[in-house]
Structures are given as structure tokens and as C-alpha cells.
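S.K.: Submitted below is the structure of interest, expressed as C-alpha cells.
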Amino acid sequence: MQRQRQNSQSFPLSLAHASMEFRPRNYSAELESHALPRVHAGAHPLSAPPSPLVQVDVIHCENTDFFDPLRGTGNEAKAAPPDHDNLNEASDHQPTKEWTSFRRLLMQRFPVSKMVSVSSMPDVLMRSGKLHEKSSTNIHLEELDDPQKFADEGVKTITWQEYVSRLHELKDEITRSWLAEDRVTSLKLSIKVAKLLMDTSVFEFYPTLFVLVTDIMDMLGNLVWQRIKQKTEFSEDGALRCNLAENFQARDICADAKETCYNWFNKIGAVQELLPRLYLELAILPCWRFLNDQPLDSLKRLVKMIRGLGDPVASAYCRLYMAHCAQKLPSHDIGYLVTCVNDFRVILMQILSANERTCKNIKLDKKLQVTLMEPTIEYIMKCIFNGLSQRQVNEALSELGLMKNQQDLGSISCVSIILHHLLKEVPIEVVSSNVVQILHLIEFSKDNSFDQHMNYRLLGFRLYERKSPVNIVNVVLDKVIKVIALYDSLDEYLKVVDAYTDLILQNKMDNHLNTILEGISKRAWNKGVTEDEMPSLQSLVVKILFHFKCLENVFSLDQFPEILDAMYGKSQDVVFLHILNMATRNGPISDLTSIQLLFEISQNLHDNLELTNGRDDDGQVTRSISRFVHMVDYGADMERHLAFLVDCRGAFGRLNELKETLVHTSNSLAIKALKCAQKHLSFVKSCVTFSEVTIPSISAHRQFDLFLETAEIAFLGGLVSHSDGLIDSAISCLHIFDVIDGFQTPNDVEGLVSSIRKLCGLLIIVPGTFSLPVTYFPNNLFTFISSRSWFEPKMRTQIFSAIILLLTTLSQKRLPYHANTQIPGNDVLYYGDLSYNQELVSLSKLILENLLSVVQQEPSQAARGIMALEACNCIASSFMLNNELSSVCLRLIETAKACLSAQNRYLQSTIQLLNKQLPAAVGTMPMVSTSV
Amino acid sequence: MSVELKLSRSNRMYRPSEALEGKIIVKTHSSISHYGIRLTVKGTVNLQVRGGSAGVVESFYGVIKPIPIVNRTIEVKSSGKIAPGTSEMPFSLNLRQRDENLERFYETFHGANISIQYLVTVDISRGYLHKTLSATVEFIVESDKADLLQRPLSPEMVIFYITQDTQRHPLLPELKSGGFRVTGKISTQCSLSSPINGELTVEASAVPIHSIYLQLFRVESILLGEKIVTETSLVQTTQIADGDVCRNLTLPIYVILPRLLTCPTTLAGPFSIEFKVAIVISFQSELSKLHKKSDPKTPRLWLAMETLPLELVRTK
């Protein structure tokens, strides 16, 4: 013993000659002694706690960054600008969030083609075009002949990157001159920049150009504002004179500052061309506040001056800029915006009536013009109805000429595109209280600026925003159904009907529902459904599906199956998926027709996956089909159920996860059969066989668990040899892990270890057979794991410990649990057999040796400590601690102490256990001091 | 060594009854001795008649003597020395002498043939051996409030209409046949401190409109012997409509009067300064592209116009 102690400093320790004896266990007594005392709980731990107030944070995920069309191309325009960003930040008039995102959307709405054609090349775009200083009289003379309008014939082109980068340069130049106190140059350059907006022949580029130019205008406006404000607040020598209040009056401004301000308006007023003059005055519009207390008067004049811009697109964007600049004024007045909209109407009517007269090639341009103008109308409408009271809304509407007496409705004319955006912005109360009038307006505004059916559609959506009275819905639907009955195009029909579906369903208007379904199916039957119409149809069908609780009701609708048949492609998939989810929402499915239908739908979905070679990206289809298979219930007809599973296996070969469901379902079928009074043993056998055959085609890392599960079922059914075969398959399928890379995420590893432990638990009740040695499975498992290098020390420790505990259990007189009375356990078969015990001991010894050496292989200190304790616990609970084993335990504790802190709870409890079980000869170990 | 004049007001505007104030700033490295620092205020009406345009013989050119308005010199400092460094000498000088009320202080005006200008000059004379140091600055004179028109501006506007029949020059045939009608009103008496106001409506036009603009002209007349030489020249063009505007929408006329280039309408003996406005409609025409630069006053086939007198006044 003395000698052994000296040797013992080094592991592994040979236990070849050590005598080992399993510790006898009394499991039922241990269970009782270890069971925690049960205390009655007042509340269910899973019951909902009294919920604290849920605060919903509105997340503004909107990226307010300026959308720079060049950012992607890595163009030179990215060249770092001077510090004008700082200048901008210092300003009082930060662009509103709405404006920033509106600008971004505007540019995205009109993607720019590579080349921009300009009717003439403005010299400001020429890179070489240095600004020559000219005397003011020279400039005046030159401005007499309008160079833009009288330029040479022929369209010139410039790449838009070049155009945009030149504008960025100009912005920098303006800032530079301003900082160099050369404000006249800044103004001159700004005028030139504003002039660029005179050329609307750039078409789709115009909105982008507008955004870029107004960015520069805003910057100049801010600079001027800052300068005058500073002149007011500071005297010439830089001393602070006063702090200008937010709501200052013109009389607070000193004469000097007023003079400067007046000069700016004077200089801008001298610009000959109307458009740049307007843009510049709008840019410095807030500065009117320095001169008088009625800056709105200027707005009233400016809105009329914009009428002088003959080009509809140019004037529309100028109005847009006005709406933006007016928001910088403190007072909120919408009179000028109403004038804007009325002017829009006149202009649009003129465009539209011209359409009829002029030749065809212009027609395309007119369409494009209207498209370009649309966002400006949209924005101005938004500005009008933003935060208005009911009374103000009515006033605005009557000023727009829309809310006259109920009698002369017919005489009201409106342009449909204006009506559309009006309808979009008007408060919902106004919509529902004036619905008859609105219907009339829609009916009478039928022009080319906007498709009439889209206005009917919008009305439907608006009415659904809030619960509308049934009588109103009735009036509208009667009218709308009548109107769309005349539509020939399925697309238009669907667009309108889709918007009203919710209303129809909400109010349970079955007659209307039937009408529209019939209408759809008639039109679909006539011409088929095109790709473009599919989304509307899909949206409509999904709405109907959402509305009905149960599938039978949906399918009992006239025409519904026909409509479903007319669908194809992605939309069909979406609808099928909805049907599938709906069917599996409420408990088991036992109706045979439903099962058949859903099976076909699933098959369709599956085949479409195959067809498009598309992966089921988010696993939705797989999940839904699996759920369907899971929910199917044939009741007592289990044979038929199994046959269904066989069909599924054949039909859904592509879906791996589904096969897993199939195995689970067949296993639970087997259980169900076992529970029946008369045991259908042959049926159970069929189920097990089905599972056994199915498992190998499932992905490798799931196989082990499934084999195990099936083995358990087989065992439960008394099919011992089946069960043995399945366990064998399980162990040998571990081989597959060899070839799988990257499976070893911590979760997978833990899962595998716990599955192997579970196998050990099962092996307790699996009786040995005559043909195989009793330690056949544990030995196989051990050999396999030892031979695989990818099992890490930690995994090995856990698995080896589990096998040792298994062997210990097998040695007991009475096993802790049995399968059932028909299958005798090993305790009954072998207890007392010396060779049996010998076999268990020798394998235990071998494994223990390996276990001890594995502990020392662990590189991480903390992990090594834990592993040592695990091994120690395993030894202490498995064997009688003779001297050899005691010293092994002590050394393991030493290792743990070296690796872990003395306070470690696991360490302390292990020491306690050892103290209890060590024979007196070895003596007790000192408790690790817990004092700090 | 430098001398500089700095006036008390940043806009350099003074009225005749006020004192011209400011300071003389001398920067020098060494001390300077001088024989006196004098300040001279000089106001003149400069007249010139350019040859060809007025149809007068070229020999007349430049023979007209300027009309003096004011010419006065004061001594700011008698002879002495200026210390090295920067020295500032404030000054104050009444423009109008109390006893002599004969001078008429016309408002500053920079025209084509007539220019009314006020200058203040500082001279530091340093004997015969050294150059006299001097500096000159222009200041601007506006009429005294007391001298201003007492009656209020007439709010009346003149109504105009322009059609193919009101034009006295030949028009394009399509204009003649298609016809057009532009109506509106405009103020004919206007304060210099407020814009020209009015409105304009295109009621009809068969030919698309290219542009509508308002031209401000000055009419300068000079008495030359027995003759009066009058020349009309353009001061400023302001576009009111760009492109073929909507019919029957009222467009405002709003023109801020440029400083220095305008002054109150003046009818003096030897000269007069008057103004007028022209509303010019330019129609879309291929012809117009051929004449890129043209005299704004020349009537063209594609232009229609209406000229109206404009009286400018200084108000309180």
C-alpha cells in the first residue's frame, strides 16, 4: 500500500490486478431517500403571470439615409465633400423624416437609365466650365437671349453618373465659396443649378434631379437663414446682441440684418427666368419672417406664380418643393395647397383633353407626364390632410370643389388621379359619411390619368379600415357589383373584388360572395388566368380561407373548387399551404374525403417543389405536410392508417423531415395497437418493419434516435430479436457520423451523448441471449467509441461513466425496472452466475482504465476538474471502495481540487459522498474549507 | 501706407438732410507729417449722348458738361503728424447746408446715358515732395422723407389686353389667323420700395406660347441745345410665364425694382429720367430660333407686346 501510494502520482493506473466488486444497490430505497419532499404549490408554474404592461416600441426601421444613386457604383462622386455636412447640421431647418424618406422613395420609383438625354448641355454641367467673373451688366445682356430655350437642335446625352457627380461637385463649390465669404458666387452657382430643372426632357431622371437640386437649394436656404440670424444675434465685432426666440417677430430684427435679407430677395428677384427665381425664393422662404410677420402672403403669391411654368412636370415639382419649404414656416395653413390641387386639376384636364386631339406618339409622353406628376400630387394631398380637424377637412373639401350640395353631384368633375390620392388621405369618417358622393365622384371621373377601377378598389379598402355601418356597405356593394359586372377583364374585376372581399365576409353577405365567385370563375373560364392576375386572386382566396373556420364550409361554396383549379404556380402553392394549415388547425382529421383532398394538395405542393427545383426555403411546406400526416386519424382502422403512411412515404420522397414523422406515427400506431385489448402482434410487427425500412433513408444524425425509439417499441411488443437488430443498427449507424463534417455543434454533441445514455438505460432491460454474450452491446458501444478519434474526452467521460453504471446495474440482484412480465430481465436470467458477473467486472475494469486516462487527456482545466469528479462519482456509486479504488478516487479528487475552486459545489458534494462510502481504514478526507 | 474711408452705414445710404458720417483709417509704418486732411463731397449729374443710337452727329459725343449738385470740402485736420500704426479719424459732414437750399439732391441713379453719383474723397496732402494720399467712396442718396410725395400712391391699375389686332407690327400668319387674347392689369404708379404688381391671364391662343415676360425700360432724355435727345434702354427682363401656360389661370406680375438702376421718375430742366414697362408675349415659332440675339425693342413676327408708362416714386 505504501508503495502504491508512491506510484500513484501518475495515471493511468493499471487496475488489472485490482480486485473489483460491484456495490449492491437498493434502488427503491435510494429513490425514497433521495426524493425531494413534495410541497403543495399555490399556482401552476406555467399559468400566465399577471402580465406587466406591455410596452410596444414602435420601431422606426426606416433608414433615413439619403439614397445616393452612386453609392453602389463606387463613382468618384463619393469624393469626400468639404464640411458642408456640418453646415447643414448647424441649421435650424432639418428636413423632416417624411421628406427624407419621400425623397428616397421618389428616386427609387423612377429608376434611371444609364444615359440621360438633355435637350441642351447647360454650361454648368461642363466640368471645364469655370465660372468666369462677369460684370453685372454683361450678365444681364447675356440673359436676354435665353440660352436654354434657343439651344442647338439635337438631343445630347450624358451619363447620369456624370450628371450626378457634377451636381455633387457644384454643391461642394457652393459651400466652398460661401465659406470663403464669396456669397455672390454661391448664389450664381445656385441659380445655375436651379436652372437645370427647366429641362424636363430628361423624363425619368427628373425626380432624381429634383431631389439633388433641391438638396442644394435647401442647403443655400439654410446658409442664408443662418447668416441673417447671426447678423441679428451678433454685432459686427462678434459680441452677442440677443438670442432670437423661436417665435420671433419681424420687429425683433435689427435694420442691418433686415437690409441683408432684403438684398437677398432683391438679388433673387432679379433672376430673369421664372423657374430658378421660384426655386430660390422658395429656398429662402423662411427668411420672409425677418422682414414681415405675414410670410404666408408670399406663399399665396408664389403658388400663383408657379402657374407660369407651362411644363406640367416642371410646375408639379415646383409645387412639391413649395409644399416642402412651406413646412419650415411656423404657421400651418393649407389654402395655398388647396390652390395647388385645383391648379393640378386644371392642368391635368388640359393634358387629358389634349390627348384626344393630338397624334398618337404624344400620347405616350402624356402618360409618362402623369406618372411623373403623381408623387407630387400624393405628397401635397398628404400635406393637406395632415392633422386637420373635422371642420377643416370639410372646408378643404368644399374649397376643392368636391363637397357641394348633395343635389348637384353630377356636375362635380374631378380628375381620377387627384380623386385617388384624395380618397387615400381623407379621414375615414369623411369617407363613410360621404360614401354616396364619393361613389358619384368615382363614377364621373373616368379619364386616362388613372384607372377608374383602382378608385373603386381603394374605396373598398378604405371602408374596411373601420367597421362601417351595414347600410353603407350595402349601398356601396350594390353599386360596385353593378359596375364591375360590366367589366370584361378578369384583372380589373379581381382588383376591385379583392378589395371588397373582407367587407363581404365581415357582413356575411353570402349573395354577394356567390356573385363575385361566379364572376371570377366565368371570366377565368373564358380567358384563363394570367400570371399578373394571380396575386389578386391569391389574395382574395386567402381572405376567404381566413374567414371560414372549417374547410368543409369553404369547399361547399359554389365555384370555389373551380377557382382553385384555375390557379397555378406560386400562388397555388400559397393557397394550398393555407388550406393545409387551416385543415390541421383544429384537431385530428378523420374524414376520408378531406384526407384524400389534403393528400392531393400535399402531393401538388411536393411535386411543385420538385418541379421548380426550388428548395423549401423556410421549411414551411415540409412542416405543413408533416403536420397534416401527423393529424390524420383513421381511428380503429389502423391497417388503413399504416397503408396511408406507406402511401405518404411513396409520395413525399423528397421531404426528409416528413419521413421522421412517418416513423413516429407508425411507432405510435404500434403503441396504440399494443394497448388494444386483443394484441395485434402481427400489426405491431408491420409497424416496426415499416419504421425499420424507413429509417435508413432519413438523414444520418436523426437515425440513431429513431432506431432507438423503434427498438423500444419492438421490445415493448415482445419482439426481442427485432429489438436486438434495431439496437445493432443504432450502434452501427454511429459510423455515419465519421463522414459528416460540421455536425459537431455543441448541441449535436450533447444530443448524441444523451441519446447514447438513453441507449444504456434501455440496455438494462434487454435480456442477453444464448447466441450473444451478455456484454455484447456495451462492449460494442465501448469498442466503437474508443476507436473513434472525434469523440472528445468530455464525451468519452460521460459515455464511459454511463456504460460503467449500466454494467453495475446489470450486476444487481434486482433491476430497477423491467419491460413487462413476459420478457424476463437479466436479473432473473443470470443473477448469481459467476461467469456472468466475471464478464461484467472485466469489461468494467477495462472501461474504467480508459476512463481514468481520458480524464487526463482533457486540455481545459475546468473541464478536466469536472470530468474527474464525474469519474469519481461513477466509481463511488458503482463499486465497493477497496484500497486500490479509494486511492484512485482520492487522486481524482486531487485533480479536481487542482482544477476547480474550493467552493465548487460539485466538488464538495463529491467529497461528501466519498466520505460516506470510504471504508474506515482509509480515513475521512478533510472537508474543503468553505470559509473565504 | 494706406488710407481708407469707412462709412457709418453698411448700405452707404444717406438722405440730404442727414450728416455723412464715418471714419478715415490710415495705416502706416512710420510717422507721416502732412499739410492737412481734407474731405470733399461731390455730387454730379453726368450726361452723355452716344452717337449712332440717338441719331445725332458723333461730334456731340461727350461735349455735355456735367451738372454739379454739391461740391464741398472741409478740413478734418490741419497740418500735423500721423503716428505709426493704424489711426482712425471720425468725421461728420452735413450734406445740405442750412443757408443754401438751392441744391437739388437727385437720387443716385446709374443709367445708360445719365448717371447721378455722389462721391466722398479724402486727401492727405504732404507737400510737393510726396504724393498726396487719397481714397474715394461712393455713397447713395435717397430723397428726404420730408420732400416725399404727400399724397398716397394711386392704387389704380391700368387694364390692358393684347390681341392680334392691338399689334402695330406684322405678325406670323398663323398668329393673325388663329388669334390670341391676353388680358391683365398692372400698376402704373409704383413705389420704389415695393414690387410692380399686377396680373395677367392668357385667355386664348391658338399658337402655343413660348414665354411671357415683363421688360422694364428707362427713358433718358437730355436737352442738347435746342434738341431733346431721348434714348430708351432695357433695365431688366422678368419672365412671368415659361412655356404654354394653362388658359384662364391668373398669373401674378411681381417684379422687384433693382436698386441703383432705378430712381424716382425725374423731370429736371436739362434732363429727365422716366420708365416704362412692356409685356411681351413670345410665341413658339421656328423662326425665332434663327434670331438668337436681338434687340429687345424690335418687334418681331412671333412677338406681341404692350408698352405702358410707369411712374416710379419714393414713398415713406
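Residues in the C-alpha cells are named by chain (A, B, ... in the order shown) and by number from 1 within that chain; ligands are numbered from 1 in the order shown.
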Up to 6 Å from chain A, what residues of chain B turn up? Count only C-alpha atoms and give them as a list of chain:residue names.
M.R.: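 So the contacting residues turn out to be B:Thr237, B:Thr238, B:Gln239, B:Ile240, B:Ala241, B:Asp242, B:Gly243, B:Asp244, B:Val245, B:Leu251, B:Pro252, B:Ile256, B:Lys289, B:Lys293.
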S.K.: Deliver the residues from the most recent selection as a file, using C-alpha atoms, as a PDB file, in the first residue's frame.
M.R.:
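What landed in result-v7.pdb:
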ATOM      1  CA  THR B 237     -36.331  91.347 -68.009  1.00  0.00           C
ATOM      2  CA  THR B 238     -38.512  89.220 -65.785  1.00  0.00           C
ATOM      3  CA  GLN B 239     -40.149  86.073 -67.060  1.00  0.00           C
ATOM      4  CA  ILE B 240     -43.738  85.596 -65.990  1.00  0.00           C
ATOM      5  CA  ALA B 241     -44.639  82.543 -67.997  1.00  0.00           C
ATOM      6  CA  ASP B 242     -42.356  79.856 -69.289  1.00  0.00           C
ATOM      7  CA  GLY B 243     -43.973  77.648 -71.868  1.00  0.00           C
ATOM      8  CA  ASP B 244     -47.509  77.176 -72.963  1.00  0.00           C
ATOM      9  CA  VAL B 245     -49.347  78.009 -69.776  1.00  0.00           C
ATOM     10  CA  LEU B 251     -50.648  84.722 -63.227  1.00  0.00           C
ATOM     11  CA  PRO B 252     -49.356  87.366 -60.851  1.00  0.00           C
ATOM     12  CA  ILE B 256     -38.867  93.815 -57.546  1.00  0.00           C
ATOM     13  CA  LYS B 289     -34.644  80.135 -83.304  1.00  0.00           C
ATOM     14  CA  LYS B 293     -29.612  87.717 -80.281  1.00  0.00           C
TER      15      LYS B 293
END
S.K.: Enumerate as number ranges by chain all residues of region 62-268 of chain B assigned to strand (DSSP E or B) by DSSP on the backbone, naming them with the chain letters and numbers the document uses.
M.R.: B: 67-77, 80-82, 85-94, 109-110, 114-124, 133-141, 157-163, 180-187, 189-191, 196-205, 209-224, 227-242, 250-255, 266-267
S.K.: Would you mind listing what lies within 12 Å of Ala257 (chain A) as a VMD selection string, with only C-alpha atoms counted and same-chain residues fewer than 3 positions away left out?
M.R.: (chain A and resid 224 to 236 250 to 254 260 to 264 287 to 291) or (chain B and resid 10 to 11)
S.K.: Pull N, CA and C atoms from the residues just selected and write them as a PDB file, in the first residue's frame.
M.R.:
ATOM      1  N   VAL A 224     -28.369  81.032 -45.840  1.00  0.00           N
ATOM      2  CA  VAL A 224     -28.849  82.417 -45.798  1.00  0.00           C
ATOM      3  C   VAL A 224     -29.554  82.669 -44.464  1.00  0.00           C
ATOM      4  N   TRP A 225     -30.406  81.735 -44.080  1.00  0.00           N
ATOM      5  CA  TRP A 225     -31.123  81.852 -42.809  1.00  0.00           C
ATOM      6  C   TRP A 225     -30.133  82.040 -41.656  1.00  0.00           C
ATOM      7  N   GLN A 226     -29.121  81.205 -41.639  1.00  0.00           N
ATOM      8  CA  GLN A 226     -28.124  81.267 -40.575  1.00  0.00           C
ATOM      9  C   GLN A 226     -27.426  82.619 -40.554  1.00  0.00           C
ATOM     10  N   ARG A 227     -27.106  83.098 -41.767  1.00  0.00           N
ATOM     11  CA  ARG A 227     -26.349  84.341 -41.857  1.00  0.00           C
ATOM     12  C   ARG A 227     -27.163  85.511 -41.292  1.00  0.00           C
ATOM     13  N   ILE A 228     -28.424  85.558 -41.681  1.00  0.00           N
ATOM     14  CA  ILE A 228     -29.240  86.687 -41.226  1.00  0.00           C
ATOM     15  C   ILE A 228     -29.518  86.569 -39.736  1.00  0.00           C
ATOM     16  N   LYS A 229     -29.735  85.363 -39.312  1.00  0.00           N
ATOM     17  CA  LYS A 229     -29.971  85.150 -37.892  1.00  0.00           C
ATOM     18  C   LYS A 229     -28.749  85.595 -37.085  1.00  0.00           C
ATOM     19  N   GLN A 230     -27.589  85.248 -37.647  1.00  0.00           N
ATOM     20  CA  GLN A 230     -26.364  85.614 -36.945  1.00  0.00           C
ATOM     21  C   GLN A 230     -26.192  87.127 -36.919  1.00  0.00           C
ATOM     22  N   LYS A 231     -26.570  87.763 -38.025  1.00  0.00           N
ATOM     23  CA  LYS A 231     -26.470  89.234 -38.063  1.00  0.00           C
ATOM     24  C   LYS A 231     -27.361  89.861 -37.007  1.00  0.00           C
ATOM     25  N   THR A 232     -28.466  89.197 -36.719  1.00  0.00           N
ATOM     26  CA  THR A 232     -29.364  89.722 -35.704  1.00  0.00           C
ATOM     27  C   THR A 232     -28.799  89.490 -34.312  1.00  0.00           C
ATOM     28  N   GLU A 233     -28.256  88.337 -34.132  1.00  0.00           N
ATOM     29  CA  GLU A 233     -27.867  87.940 -32.781  1.00  0.00           C
ATOM     30  C   GLU A 233     -26.513  88.483 -32.365  1.00  0.00           C
ATOM     31  N   PHE A 234     -25.661  88.732 -33.349  1.00  0.00           N
ATOM     32  CA  PHE A 234     -24.318  89.185 -33.000  1.00  0.00           C
ATOM     33  C   PHE A 234     -24.033  90.512 -33.680  1.00  0.00           C
ATOM     34  N   SER A 235     -23.333  91.394 -32.979  1.00  0.00           N
ATOM     35  CA  SER A 235     -22.942  92.646 -33.595  1.00  0.00           C
ATOM     36  C   SER A 235     -21.707  92.399 -34.460  1.00  0.00           C
ATOM     37  N   GLU A 236     -21.291  93.420 -35.173  1.00  0.00           N
ATOM     38  CA  GLU A 236     -20.236  93.242 -36.163  1.00  0.00           C
ATOM     39  C   GLU A 236     -18.945  92.714 -35.552  1.00  0.00           C
ATOM     40  N   ALA A 250     -40.917  90.223 -36.688  1.00  0.00           N
ATOM     41  CA  ALA A 250     -40.052  90.995 -37.584  1.00  0.00           C
ATOM     42  C   ALA A 250     -39.454  92.207 -36.875  1.00  0.00           C
ATOM     43  N   ARG A 251     -40.158  92.743 -35.874  1.00  0.00           N
ATOM     44  CA  ARG A 251     -39.634  93.947 -35.216  1.00  0.00           C
ATOM     45  C   ARG A 251     -38.443  93.632 -34.323  1.00  0.00           C
ATOM     46  N   ASP A 252     -38.212  92.349 -34.047  1.00  0.00           N
ATOM     47  CA  ASP A 252     -37.048  91.981 -33.250  1.00  0.00           C
ATOM     48  C   ASP A 252     -35.756  92.026 -34.061  1.00  0.00           C
ATOM     49  N   ILE A 253     -35.891  92.222 -35.352  1.00  0.00           N
ATOM     50  CA  ILE A 253     -34.717  92.108 -36.217  1.00  0.00           C
ATOM     51  C   ILE A 253     -34.115  93.486 -36.441  1.00  0.00           C
ATOM     52  N   CYS A 254     -32.805  93.595 -36.315  1.00  0.00           N
ATOM     53  CA  CYS A 254     -32.170  94.897 -36.463  1.00  0.00           C
ATOM     54  C   CYS A 254     -32.127  95.294 -37.937  1.00  0.00           C
ATOM     55  N   THR A 260     -29.724  93.087 -45.162  1.00  0.00           N
ATOM     56  CA  THR A 260     -29.105  91.928 -45.816  1.00  0.00           C
ATOM     57  C   THR A 260     -30.176  91.013 -46.384  1.00  0.00           C
ATOM     58  N   CYS A 261     -31.196  90.784 -45.595  1.00  0.00           N
ATOM     59  CA  CYS A 261     -32.271  89.882 -46.011  1.00  0.00           C
ATOM     60  C   CYS A 261     -32.949  90.431 -47.256  1.00  0.00           C
ATOM     61  N   TYR A 262     -33.236  91.731 -47.214  1.00  0.00           N
ATOM     62  CA  TYR A 262     -33.904  92.362 -48.334  1.00  0.00           C
ATOM     63  C   TYR A 262     -33.047  92.251 -49.586  1.00  0.00           C
ATOM     64  N   ASN A 263     -31.745  92.391 -49.387  1.00  0.00           N
ATOM     65  CA  ASN A 263     -30.809  92.265 -50.501  1.00  0.00           C
ATOM     66  C   ASN A 263     -30.907  90.895 -51.170  1.00  0.00           C
ATOM     67  N   TRP A 264     -31.053  89.866 -50.345  1.00  0.00           N
ATOM     68  CA  TRP A 264     -31.164  88.517 -50.913  1.00  0.00           C
ATOM     69  C   TRP A 264     -32.410  88.392 -51.777  1.00  0.00           C
ATOM     70  N   CYS A 287     -36.965  83.097 -44.646  1.00  0.00           N
ATOM     71  CA  CYS A 287     -36.347  84.393 -44.345  1.00  0.00           C
ATOM     72  C   CYS A 287     -37.346  85.540 -44.431  1.00  0.00           C
ATOM     73  N   TRP A 288     -38.492  85.327 -45.070  1.00  0.00           N
ATOM     74  CA  TRP A 288     -39.514  86.382 -45.063  1.00  0.00           C
ATOM     75  C   TRP A 288     -39.876  86.762 -43.634  1.00  0.00           C
ATOM     76  N   ARG A 289     -39.707  85.817 -42.735  1.00  0.00           N
ATOM     77  CA  ARG A 289     -40.049  86.101 -41.340  1.00  0.00           C
ATOM     78  C   ARG A 289     -39.201  87.218 -40.750  1.00  0.00           C
ATOM     79  N   PHE A 290     -38.011  87.431 -41.294  1.00  0.00           N
ATOM     80  CA  PHE A 290     -37.183  88.523 -40.795  1.00  0.00           C
ATOM     81  C   PHE A 290     -37.749  89.869 -41.215  1.00  0.00           C
ATOM     82  N   LEU A 291     -38.512  89.865 -42.321  1.00  0.00           N
ATOM     83  CA  LEU A 291     -38.967  91.136 -42.880  1.00  0.00           C
ATOM     84  C   LEU A 291     -40.398  91.470 -42.490  1.00  0.00           C
TER      85      LEU A 291
ATOM     86  N   SER B  10     -23.692 100.379 -43.497  1.00  0.00           N
ATOM     87  CA  SER B  10     -23.168  99.352 -44.402  1.00  0.00           C
ATOM     88  C   SER B  10     -23.794  99.458 -45.787  1.00  0.00           C
ATOM     89  N   ASN B  11     -25.007  99.998 -45.849  1.00  0.00           N
ATOM     90  CA  ASN B  11     -25.593 100.150 -47.189  1.00  0.00           C
ATOM     91  C   ASN B  11     -25.234 101.496 -47.814  1.00  0.00           C
TER      92      ASN B  11
END
S.K.: With only C-alpha atoms as the counted atoms, please give the residues lying no more than 9 Å from region 170-180 of chain B, apart from itself and same-chain residues fewer than 2 positions off, as number ranges by chain.
M.R.: B: 162-165, 167-168, 182, 202-207, 283, 285, 299-304
S.K.: Any chance you could export the current selection's N, CA and C atoms as an mmCIF file, in the first residue's frame?
M.R.:
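Written out: out-v6.cif:
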data_model
loop_
_atom_site.group_PDB
_atom_site.id
_atom_site.type_symbol
_atom_site.label_atom_id
_atom_site.label_comp_id
_atom_site.auth_asym_id
_atom_site.auth_seq_id
_atom_site.Cartn_x
_atom_site.Cartn_y
_atom_site.Cartn_z
ATOM 1 N N ILE B 162 -54.114 92.294 -74.931
ATOM 2 C CA ILE B 162 -53.231 92.132 -76.079
ATOM 3 C C ILE B 162 -53.856 91.076 -76.989
ATOM 4 N N THR B 163 -54.151 91.476 -78.209
ATOM 5 C CA THR B 163 -54.679 90.509 -79.184
ATOM 6 C C THR B 163 -53.952 90.731 -80.494
ATOM 7 N N GLN B 164 -54.252 89.925 -81.457
ATOM 8 C CA GLN B 164 -53.590 90.083 -82.760
ATOM 9 C C GLN B 164 -53.922 91.451 -83.364
ATOM 10 N N ASP B 165 -55.032 92.043 -82.918
ATOM 11 C CA ASP B 165 -55.442 93.326 -83.511
ATOM 12 C C ASP B 165 -54.811 94.530 -82.836
ATOM 13 N N GLN B 167 -51.710 94.848 -82.240
ATOM 14 C CA GLN B 167 -50.303 94.925 -82.623
ATOM 15 C C GLN B 167 -50.131 95.784 -83.865
ATOM 16 N N ARG B 168 -49.113 96.644 -83.785
ATOM 17 C CA ARG B 168 -48.919 97.548 -84.915
ATOM 18 C C ARG B 168 -47.821 97.033 -85.839
ATOM 19 N N VAL B 182 -54.624 88.024 -74.489
ATOM 20 C CA VAL B 182 -54.024 88.034 -73.153
ATOM 21 C C VAL B 182 -54.471 89.318 -72.474
ATOM 22 N N VAL B 202 -53.850 84.421 -69.760
ATOM 23 C CA VAL B 202 -53.912 84.021 -71.167
ATOM 24 C C VAL B 202 -55.310 83.460 -71.376
ATOM 25 N N GLU B 203 -56.107 84.180 -72.115
ATOM 26 C CA GLU B 203 -57.478 83.707 -72.318
ATOM 27 C C GLU B 203 -57.560 82.757 -73.497
ATOM 28 N N ALA B 204 -56.797 83.048 -74.491
ATOM 29 C CA ALA B 204 -56.830 82.182 -75.667
ATOM 30 C C ALA B 204 -55.561 82.383 -76.460
ATOM 31 N N SER B 205 -55.135 81.315 -77.086
ATOM 32 C CA SER B 205 -54.039 81.427 -78.033
ATOM 33 C C SER B 205 -54.004 80.141 -78.844
ATOM 34 N N ALA B 206 -54.124 80.286 -80.145
ATOM 35 C CA ALA B 206 -54.116 79.090 -80.995
ATOM 36 C C ALA B 206 -52.696 78.554 -81.118
ATOM 37 N N VAL B 207 -51.751 79.471 -81.232
ATOM 38 C CA VAL B 207 -50.349 79.063 -81.313
ATOM 39 C C VAL B 207 -49.827 78.926 -79.880
ATOM 40 N N PHE B 283 -44.311 83.759 -79.024
ATOM 41 C CA PHE B 283 -44.998 82.525 -79.407
ATOM 42 C C PHE B 283 -44.001 81.524 -79.966
ATOM 43 N N SER B 285 -42.203 79.364 -82.378
ATOM 44 C CA SER B 285 -42.048 79.540 -83.813
ATOM 45 C C SER B 285 -40.658 79.079 -84.209
ATOM 46 N N PRO B 299 -39.784 94.857 -82.701
ATOM 47 C CA PRO B 299 -40.933 93.956 -82.813
ATOM 48 C C PRO B 299 -40.634 92.873 -83.833
ATOM 49 N N ARG B 300 -40.979 91.648 -83.491
ATOM 50 C CA ARG B 300 -40.718 90.524 -84.389
ATOM 51 C C ARG B 300 -42.046 89.879 -84.757
ATOM 52 N N LEU B 301 -41.941 89.015 -85.734
ATOM 53 C CA LEU B 301 -43.163 88.376 -86.223
ATOM 54 C C LEU B 301 -43.832 87.512 -85.161
ATOM 55 N N TRP B 302 -43.021 86.933 -84.300
ATOM 56 C CA TRP B 302 -43.573 85.978 -83.315
ATOM 57 C C TRP B 302 -43.800 86.626 -81.947
ATOM 58 N N LEU B 303 -43.654 87.954 -81.893
ATOM 59 C CA LEU B 303 -43.841 88.639 -80.616
ATOM 60 C C LEU B 303 -45.103 89.487 -80.638
ATOM 61 N N ALA B 304 -45.729 89.570 -79.496
ATOM 62 C CA ALA B 304 -46.814 90.532 -79.329
ATOM 63 C C ALA B 304 -46.496 91.305 -78.065
#
S.K.: Might you pull out every residue within 8 Å of Ser432 (chain A), with only C-alpha atoms counted and same-chain residues fewer than 6 positions away left off, and present them as a compact mmCIF listing (two decimals) with C-alpha atoms, in the first residue's frame?
M.R.:
# COMPACT_ATOMS: atom_id res chain seq x y z
CA LEU A 463 -64.29 51.22 -45.91
CA SER A 468 -68.73 50.66 -41.38
CA ILE A 472 -73.46 51.99 -46.14
S.K.: Taking 6 positions as the minimum chain separation for residues in the same chain, which residues sit within 8 Å of region 274-278 of chain B when counting only C-alpha atoms? Answer as a count of residues only.
M.R.: 18
S.K.: Within 8 Å of region 21-34 of chain B, counting only C-alpha atoms, which residues qualify if same-chain residues fewer than 2 places away don't, as a VMD selection string?
M.R.: chain B and resid 1 to 8 19 36 to 37 79 to 93 122 124 to 127
S.K.: Taking the backbone alone, and naming residues the way the document does, which bits of region 433-618 of chain A are helix (DSSP H, G or I) by DSSP, as a ChimeraX atom specification?
M.R.: /A:433,435-444,452-465,470-484,490-506,510-527,534-547,551-555,560-566,569-583,592-611
S.K.: Quick one, how far is CA of Pro286 (chain A) from CA of Leu329 (chain A)?
M.R.: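 Rounded to one decimal, the two atoms are 5.9 Å apart.
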